[in-house]
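> This is query_30.pdb, which holds PDB, C-alpha atoms, pLDDT in the B column:
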```
ATOM      1  CA  MET A 221     103.992  76.953  92.720  1.00 56.00           C
ATOM      2  CA  LYS A 222     105.869  80.215  92.445  1.00 71.00           C
ATOM      3  CA  VAL A 223     109.350  80.888  93.794  1.00 85.00           C
ATOM      4  CA  LEU A 224     109.588  81.686  97.505  1.00 91.00           C
ATOM      5  CA  LYS A 225     111.835  84.646  98.231  1.00 95.00           C
ATOM      6  CA  LEU A 226     113.319  84.415 101.718  1.00 96.00           C
ATOM      7  CA  LEU A 227     115.692  86.912 103.285  1.00 97.00           C
ATOM      8  CA  VAL A 228     118.457  85.823 105.635  1.00 97.00           C
ATOM      9  CA  LEU A 229     119.137  88.705 108.013  1.00 97.00           C
ATOM     10  CA  GLY A 230     121.269  89.242 111.076  1.00 94.00           C
ATOM     11  CA  PRO A 231     124.303  91.031 112.454  1.00 93.00           C
ATOM     12  CA  ILE A 232     127.765  90.714 110.940  1.00 90.00           C
ATOM     13  CA  GLY A 233     129.392  87.404 111.810  1.00 88.00           C
ATOM     14  CA  SER A 234     126.220  85.672 112.984  1.00 90.00           C
ATOM     15  CA  GLY A 235     126.537  82.774 110.510  1.00 90.00           C
ATOM     16  CA  LYS A 236     124.068  83.814 107.803  1.00 93.00           C
ATOM     17  CA  SER A 237     126.226  82.564 104.923  1.00 92.00           C
ATOM     18  CA  THR A 238     126.955  79.260 106.662  1.00 90.00           C
ATOM     19  CA  ILE A 239     123.252  78.661 107.314  1.00 92.00           C
ATOM     20  CA  SER A 240     122.356  79.759 103.761  1.00 93.00           C
ATOM     21  CA  ASN A 241     124.925  77.428 102.198  1.00 91.00           C
ATOM     22  CA  PHE A 242     123.709  74.554 104.372  1.00 91.00           C
ATOM     23  CA  LEU A 243     120.018  75.040 103.560  1.00 92.00           C
ATOM     24  CA  ALA A 244     120.749  75.393  99.831  1.00 92.00           C
ATOM     25  CA  ASP A 245     123.065  72.359  99.842  1.00 87.00           C
ATOM     26  CA  ALA A 246     125.786  74.613  98.455  1.00 80.00           C
ATOM     27  CA  SER A 247     129.138  72.997  98.985  1.00 70.00           C
ATOM     28  CA  GLU A 248     131.061  76.244  99.035  1.00 63.00           C
ATOM     29  CA  ILE A 249     133.738  76.126 101.678  1.00 57.00           C
ATOM     30  CA  PHE A 250     135.383  79.442 102.161  1.00 61.00           C
ATOM     31  CA  ASP A 251     137.364  81.484 104.593  1.00 65.00           C
ATOM     32  CA  TYR A 252     135.136  83.950 106.343  1.00 70.00           C
ATOM     33  CA  HIS A 253     134.719  87.291 104.667  1.00 75.00           C
ATOM     34  CA  PRO A 254     131.664  89.488 105.170  1.00 80.00           C
ATOM     35  CA  THR A 255     129.018  89.354 102.461  1.00 86.00           C
ATOM     36  CA  GLN A 256     129.060  92.477 100.329  1.00 88.00           C
ATOM     37  CA  GLY A 257     125.455  93.467  99.723  1.00 89.00           C
ATOM     38  CA  VAL A 258     123.649  90.208  99.037  1.00 94.00           C
ATOM     39  CA  ARG A 259     124.237  86.687  97.740  1.00 93.00           C
ATOM     40  CA  ILE A 260     121.277  84.896  96.164  1.00 94.00           C
ATOM     41  CA  LEU A 261     121.108  81.114  96.341  1.00 93.00           C
ATOM     42  CA  GLU A 262     118.468  79.342  94.260  1.00 94.00           C
ATOM     43  CA  PHE A 263     117.408  75.781  95.004  1.00 92.00           C
ATOM     44  CA  GLU A 264     114.445  73.426  95.218  1.00 91.00           C
ATOM     45  CA  ILE A 265     112.974  71.924  98.380  1.00 88.00           C
ATOM     46  CA  LYS A 266     110.983  68.698  98.092  1.00 85.00           C
ATOM     47  CA  ASP A 267     108.554  67.055 100.471  1.00 79.00           C
ATOM     48  CA  ILE A 268     106.981  70.187 101.918  1.00 84.00           C
ATOM     49  CA  ASN A 269     103.672  69.382 103.579  1.00 79.00           C
ATOM     50  CA  PHE A 270     101.074  71.715 102.064  1.00 81.00           C
ATOM     51  CA  ASN A 271      97.302  71.098 102.154  1.00 79.00           C
ATOM     52  CA  SER A 272      97.930  67.464 103.173  1.00 79.00           C
ATOM     53  CA  LYS A 273     100.082  66.921 100.089  1.00 83.00           C
ATOM     54  CA  SER A 274     103.809  66.642  99.599  1.00 81.00           C
ATOM     55  CA  VAL A 275     104.903  69.463  97.294  1.00 83.00           C
ATOM     56  CA  LYS A 276     108.132  70.989  96.088  1.00 85.00           C
ATOM     57  CA  SER A 277     109.013  74.637  95.947  1.00 86.00           C
ATOM     58  CA  ASP A 278     111.709  76.721  94.349  1.00 90.00           C
ATOM     59  CA  VAL A 279     113.434  78.969  96.872  1.00 93.00           C
ATOM     60  CA  GLU A 280     115.509  82.117  96.469  1.00 95.00           C
ATOM     61  CA  LEU A 281     117.500  82.578  99.647  1.00 96.00           C
ATOM     62  CA  TRP A 282     118.820  86.142  99.849  1.00 97.00           C
ATOM     63  CA  ASP A 283     121.860  86.016 102.133  1.00 96.00           C
ATOM     64  CA  CYS A 284     121.967  89.715 103.063  1.00 96.00           C
ATOM     65  CA  SER A 285     124.971  91.513 104.500  1.00 95.00           C
ATOM     66  CA  GLY A 286     124.710  92.356 108.177  1.00 93.00           C
ATOM     67  CA  ASP A 287     126.721  95.516 107.605  1.00 92.00           C
ATOM     68  CA  LEU A 288     124.487  98.541 108.086  1.00 92.00           C
ATOM     69  CA  LYS A 289     126.420 100.422 105.397  1.00 94.00           C
ATOM     70  CA  PHE A 290     124.206  98.533 102.904  1.00 95.00           C
ATOM     71  CA  LYS A 291     120.989 100.091 104.274  1.00 95.00           C
ATOM     72  CA  ASN A 292     120.429 101.866 100.965  1.00 96.00           C
ATOM     73  CA  CYS A 293     119.926  98.386  99.411  1.00 95.00           C
ATOM     74  CA  TRP A 294     117.257  97.349 101.917  1.00 96.00           C
ATOM     75  CA  PRO A 295     114.261  98.451  99.794  1.00 96.00           C
ATOM     76  CA  ALA A 296     115.437  96.151  96.975  1.00 95.00           C
ATOM     77  CA  PHE A 297     116.031  93.277  99.410  1.00 95.00           C
ATOM     78  CA  ARG A 298     112.559  93.674 100.933  1.00 95.00           C
ATOM     79  CA  ARG A 299     110.659  93.948  97.647  1.00 94.00           C
ATOM     80  CA  SER A 300     108.473  90.838  97.165  1.00 92.00           C
ATOM     81  CA  ALA A 301     110.068  88.957 100.088  1.00 95.00           C
ATOM     82  CA  GLN A 302     107.689  86.409 101.563  1.00 94.00           C
ATOM     83  CA  GLY A 303     109.641  85.277 104.586  1.00 95.00           C
ATOM     84  CA  ILE A 304     112.646  86.028 106.755  1.00 97.00           C
ATOM     85  CA  LEU A 305     115.222  83.915 108.539  1.00 97.00           C
ATOM     86  CA  PHE A 306     116.821  85.937 111.313  1.00 96.00           C
ATOM     87  CA  VAL A 307     120.212  84.521 112.301  1.00 94.00           C
ATOM     88  CA  HIS A 308     121.791  85.340 115.618  1.00 91.00           C
ATOM     89  CA  GLY A 309     124.499  83.667 117.667  1.00 85.00           C
ATOM     90  CA  PRO A 310     127.079  84.033 120.400  1.00 82.00           C
ATOM     91  CA  LYS A 311     129.486  85.847 118.070  1.00 73.00           C
ATOM     92  CA  SER A 312     126.883  88.553 117.444  1.00 70.00           C
ATOM     93  CA  LYS A 313     125.445  88.931 120.947  1.00 65.00           C
ATOM     94  CA  GLU A 314     126.732  92.514 121.241  1.00 70.00           C
ATOM     95  CA  LYS A 315     124.748  93.391 118.112  1.00 80.00           C
ATOM     96  CA  LEU A 316     121.209  92.953 119.448  1.00 81.00           C
ATOM     97  CA  GLU A 317     120.359  96.515 118.413  1.00 86.00           C
ATOM     98  CA  ASP A 318     121.236  95.599 114.791  1.00 89.00           C
ATOM     99  CA  LEU A 319     118.891  92.612 114.973  1.00 90.00           C
ATOM    100  CA  GLU A 320     116.161  94.924 116.273  1.00 91.00           C
ATOM    101  CA  GLU A 321     116.822  97.388 113.435  1.00 94.00           C
ATOM    102  CA  PHE A 322     116.411  94.586 110.872  1.00 95.00           C
ATOM    103  CA  TYR A 323     113.133  93.612 112.525  1.00 94.00           C
ATOM    104  CA  GLU A 324     111.846  97.169 112.533  1.00 94.00           C
ATOM    105  CA  TYR A 325     112.554  97.715 108.813  1.00 95.00           C
ATOM    106  CA  PHE A 326     111.850  94.276 107.339  1.00 96.00           C
ATOM    107  CA  VAL A 327     108.884  93.239 109.487  1.00 95.00           C
ATOM    108  CA  ASN A 328     107.236  96.282 111.085  1.00 92.00           C
ATOM    109  CA  LYS A 329     107.501  98.453 107.964  1.00 91.00           C
ATOM    110  CA  SER A 330     106.278  95.772 105.578  1.00 89.00           C
ATOM    111  CA  LYS A 331     103.336  93.443 105.133  1.00 82.00           C
ATOM    112  CA  LEU A 332     105.309  90.598 106.683  1.00 89.00           C
ATOM    113  CA  GLY A 333     104.429  89.594 110.204  1.00 89.00           C
ATOM    114  CA  PRO A 334     106.169  87.449 112.811  1.00 91.00           C
ATOM    115  CA  LYS A 335     104.493  84.313 111.401  1.00 90.00           C
ATOM    116  CA  ASN A 336     106.522  84.874 108.200  1.00 94.00           C
ATOM    117  CA  CYS A 337     109.747  84.798 110.220  1.00 95.00           C
ATOM    118  CA  LEU A 338     111.986  82.207 111.818  1.00 96.00           C
ATOM    119  CA  LEU A 339     114.712  83.019 114.346  1.00 94.00           C
ATOM    120  CA  LEU A 340     117.771  80.770 114.193  1.00 93.00           C
ATOM    121  CA  TYR A 341     120.241  80.909 117.048  1.00 92.00           C
ATOM    122  CA  TYR A 342     123.378  79.504 115.432  1.00 90.00           C
ATOM    123  CA  ASP A 343     126.137  78.318 117.721  1.00 86.00           C
ATOM    124  CA  PRO A 344     128.704  76.287 115.754  1.00 81.00           C
ATOM    125  CA  GLU A 345     130.141  74.931 118.985  1.00 79.00           C
ATOM    126  CA  GLY A 346     126.772  74.050 120.504  1.00 76.00           C
ATOM    127  CA  LYS A 347     127.726  75.514 123.868  1.00 78.00           C
ATOM    128  CA  SER A 348     125.035  78.144 124.335  1.00 78.00           C
ATOM    129  CA  GLU A 349     121.288  78.600 124.105  1.00 79.00           C
ATOM    130  CA  MET A 350     119.266  81.460 122.700  1.00 81.00           C
ATOM    131  CA  PRO A 351     119.545  84.456 125.034  1.00 78.00           C
ATOM    132  CA  LYS A 352     116.538  85.500 127.093  1.00 77.00           C
ATOM    133  CA  ASN A 353     117.197  89.230 126.566  1.00 74.00           C
ATOM    134  CA  LEU A 354     115.900  89.418 122.989  1.00 80.00           C
ATOM    135  CA  SER A 355     113.143  91.947 122.451  1.00 84.00           C
ATOM    136  CA  PRO A 356     109.484  90.886 122.684  1.00 88.00           C
ATOM    137  CA  ASN A 357     109.300  91.156 118.872  1.00 88.00           C
ATOM    138  CA  PHE A 358     111.316  87.954 118.563  1.00 89.00           C
ATOM    139  CA  ALA A 359     109.117  86.121 121.079  1.00 87.00           C
ATOM    140  CA  LYS A 360     106.286  86.351 118.513  1.00 88.00           C
ATOM    141  CA  MET A 361     108.051  84.124 115.961  1.00 91.00           C
ATOM    142  CA  SER A 362     109.200  80.541 115.839  1.00 90.00           C
ATOM    143  CA  ALA A 363     112.728  80.152 117.125  1.00 89.00           C
ATOM    144  CA  ILE A 364     115.213  77.296 117.118  1.00 90.00           C
ATOM    145  CA  ASN A 365     118.733  76.661 118.325  1.00 87.00           C
ATOM    146  CA  CYS A 366     120.884  75.131 115.622  1.00 87.00           C
ATOM    147  CA  ASN A 367     124.225  73.430 115.549  1.00 80.00           C
ATOM    148  CA  LEU A 368     125.140  72.055 112.134  1.00 79.00           C
ATOM    149  CA  GLU A 369     127.655  69.574 113.520  1.00 76.00           C
ATOM    150  CA  GLU A 370     125.220  67.659 115.698  1.00 73.00           C
ATOM    151  CA  GLU A 371     121.725  68.510 114.482  1.00 73.00           C
ATOM    152  CA  GLU A 372     121.888  69.090 110.742  1.00 71.00           C
ATOM    153  CA  ASN A 373     118.857  66.906 109.979  1.00 80.00           C
ATOM    154  CA  LYS A 374     116.833  68.748 112.630  1.00 86.00           C
ATOM    155  CA  LEU A 375     117.564  72.099 110.957  1.00 88.00           C
ATOM    156  CA  LYS A 376     116.459  70.760 107.552  1.00 88.00           C
ATOM    157  CA  LYS A 377     113.214  69.432 109.079  1.00 89.00           C
ATOM    158  CA  ASP A 378     112.604  72.693 110.971  1.00 91.00           C
ATOM    159  CA  PHE A 379     113.198  74.639 107.753  1.00 91.00           C
ATOM    160  CA  GLN A 380     110.709  72.435 105.865  1.00 90.00           C
ATOM    161  CA  ALA A 381     108.146  72.947 108.665  1.00 90.00           C
ATOM    162  CA  PHE A 382     108.696  76.717 108.404  1.00 92.00           C
ATOM    163  CA  LEU A 383     108.182  76.574 104.614  1.00 90.00           C
ATOM    164  CA  SER A 384     105.012  74.519 105.101  1.00 89.00           C
ATOM    165  CA  ALA A 385     103.585  77.081 107.542  1.00 88.00           C
ATOM    166  CA  LEU A 386     104.676  79.938 105.270  1.00 89.00           C
ATOM    167  CA  LEU A 387     103.022  78.421 102.185  1.00 87.00           C
ATOM    168  CA  THR A 388      99.806  77.896 104.160  1.00 84.00           C
ATOM    169  CA  LYS A 389      99.850  81.511 105.394  1.00 83.00           C
ATOM    170  CA  LEU A 390     100.556  82.854 101.886  1.00 79.00           C
ATOM    171  CA  LYS A 391      97.657  80.808 100.483  1.00 77.00           C
ATOM    172  CA  GLU A 392      95.309  82.103 103.210  1.00 76.00           C
ATOM    173  CA  THR A 393      96.388  85.682 102.457  1.00 71.00           C
ATOM    174  CA  THR A 394      95.829  85.218  98.724  1.00 70.00           C
ATOM    175  CA  ASP A 395      92.422  83.634  99.320  1.00 68.00           C
ATOM    176  CA  GLN A 396      91.396  86.526 101.596  1.00 68.00           C
ATOM    177  CA  GLU A 397      92.567  89.108  99.046  1.00 69.00           C
ATOM    178  CA  GLU A 398      90.462  87.378  96.356  1.00 75.00           C
ATOM    179  CA  ILE A 399      87.394  87.351  98.627  1.00 78.00           C
ATOM    180  CA  ASN A 400      87.888  91.034  99.412  1.00 75.00           C
ATOM    181  CA  MET A 401      88.200  91.842  95.716  1.00 80.00           C
ATOM    182  CA  VAL A 402      85.020  89.964  94.846  1.00 80.00           C
ATOM    183  CA  ASN A 403      83.143  91.619  97.727  1.00 77.00           C
ATOM    184  CA  SER A 404      84.396  95.017  96.590  1.00 77.00           C
ATOM    185  CA  ILE A 405      83.108  94.408  93.065  1.00 80.00           C
ATOM    186  CA  LEU A 406      79.755  93.123  94.321  1.00 77.00           C
ATOM    187  CA  THR A 407      79.190  96.173  96.540  1.00 81.00           C
ATOM    188  CA  GLN A 408      79.808  98.698  93.765  1.00 74.00           C
TER     189      GLN A 408
END
```
Would you put the structure from the file into structure tokens?

Amino acid sequence: MKVLKLLVLGPIGSGKSTISNFLADASEIFDYHPTQGVRILEFEIKDINFNSKSVKSDVELWDCSGDLKFKNCWPAFRRSAQGILFVHGPKSKEKLEDLEEFYEYFVNKSKLGPKNCLLLYYDPEGKSEMPKNLSPNFAKMSAINCNLEEEENKLKKDFQAFLSALLTKLKETTDQEEINMVNSILTQ
């Protein structure tokens, strides 16, 4: 199975690097400093349910800066991405327009759809729920509240379920493209 390229997007200070480190089992502990451009974490996930089998997959998690000054890098980030984790939280609630801008560029202007996306509402203190005032775009995708202190196993399971659904969707897309290609050849 080929490498899955997933983008981690969200406003500055939303917890993208914390979530990325957690999902990749990276033990980096650091003082907060905004990501400059992108950080790529490579790791393997085992026990993904795919076609009624347990499979493993290599993952490239692109922890992208939430700073809009890196917009000129967005085409490179988006190239060959297969899925997106949107991260939002109470520290970034004033930045909903940034979240919407990420959605517009990385989902609406690409071949990715909402089914290729997962919205994570990260509250390290576990005191708040996902806001109701997110745009209708985000209602079209799977969304979970996450708190790494109390529910770390739940986040890992939710991430594996997302990867399972993503692999299934990618396989269906590939199969349909092959059928279309064969039909195109046959009708010539």
> So how far away is CA of Asn357 in chain A from CA of Tyr323 in chain A, in Å?
7.8 Å
> Evaluate the PyMOL selection byres ((chain A and resi 269-272) around 10) against this structure - the residues, as a VMD selection string, please.
chain A and resid 266 to 268 273 to 276 380 to 381 383 to 388 391
> Would you kindly translate the PyMOL selection byres ((chain A and resi 349) around 10) into the concrete residues it picks from this file, as a PyMOL selection string?
chain A and resi 309-310+341-343+346-348+350-352+364-366
> Evaluated on this file, the PyMOL selection byres ((chain A and resi 306-308) around 6) picks out some residues - which ones are they, written as a short mmCIF file (atom, residue, chain, number, x, y, z; two decimals) with C-alpha atoms, in the coordinates of the input?

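The result, written out as selection26.cif:
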```cif
data_model
loop_
_atom_site.label_atom_id
_atom_site.label_comp_id
_atom_site.auth_asym_id
_atom_site.auth_seq_id
_atom_site.Cartn_x
_atom_site.Cartn_y
_atom_site.Cartn_z
CA VAL A 228 118.46 85.82 105.64
CA LEU A 229 119.14 88.70 108.01
CA GLY A 230 121.27 89.24 111.08
CA SER A 234 126.22 85.67 112.98
CA LYS A 236 124.07 83.81 107.80
CA LEU A 305 115.22 83.92 108.54
CA GLY A 309 124.50 83.67 117.67
CA LEU A 339 114.71 83.02 114.35
CA LEU A 340 117.77 80.77 114.19
CA TYR A 341 120.24 80.91 117.05
#
```
> Just the residues within 9 Å of Leu243 in chain A, please, counting only C-alpha atoms, with nothing from its chain fewer than 4 positions along; format it as JSON, numbers by chain.
{"A": [238, 239, 263, 281, 375, 376, 379]}
> Quick one: of A:Gly257, A:Gly286, A:Pro295, A:Pro334, who's nearest to Gly235 in chain A, counting all atoms listed in the file?
A:Gly286
> Counting only C-alpha atoms, select every polymer residue within 12 Å of (129.7, 93.8, 113.8) as defined in the file's coordinates, and provide the selection as an MDAnalysis selection string.
chainID A and resid 230:235 254 285:289 308 311:319
> Out of A:Ile304, A:Ala296, A:Leu224, A:Cys337, which residue has the shortest atom-to-atom distance to Glu264 in chain A when counting only C-alpha atoms?
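Of A:Ile304, A:Ala296, A:Leu224, A:Cys337, the one nearest Glu264 in chain A is A:Leu224, counting only C-alpha atoms.
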> Separation of CA of Lys374 in chain A and CA of Gln302 in chain A, in Å?
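Distance between the two atoms: 22.8 Å.
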> Adding 6 Å on each side of the box along x, y and z that holds all listed atoms of range 336-353 of chain A, could you give its centre and edge lengths in Å to one decimal, as AutoDock Vina command-line options?

```
--center_x 118.3 --center_y 81.6 --center_z 117.6 --size_x 35.6 --size_y 27.2 --size_z 30.9
```
> Can you list, as an MDAnalysis selection string, every protein, DNA or RNA residue that comes within 9 Å of Glu262 in chain A when you count all atoms listed in the file, leaving out same-chain residues fewer than 3 positions away?
chainID A and resid 244 278:282
> Just give me the gap between CA of Ser240 in chain A and CA of Thr255 in chain A in Å, one decimal is fine.
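If I compute the distance from CA of Ser240 in chain A to CA of Thr255 in chain A, I get 11.8 Å.
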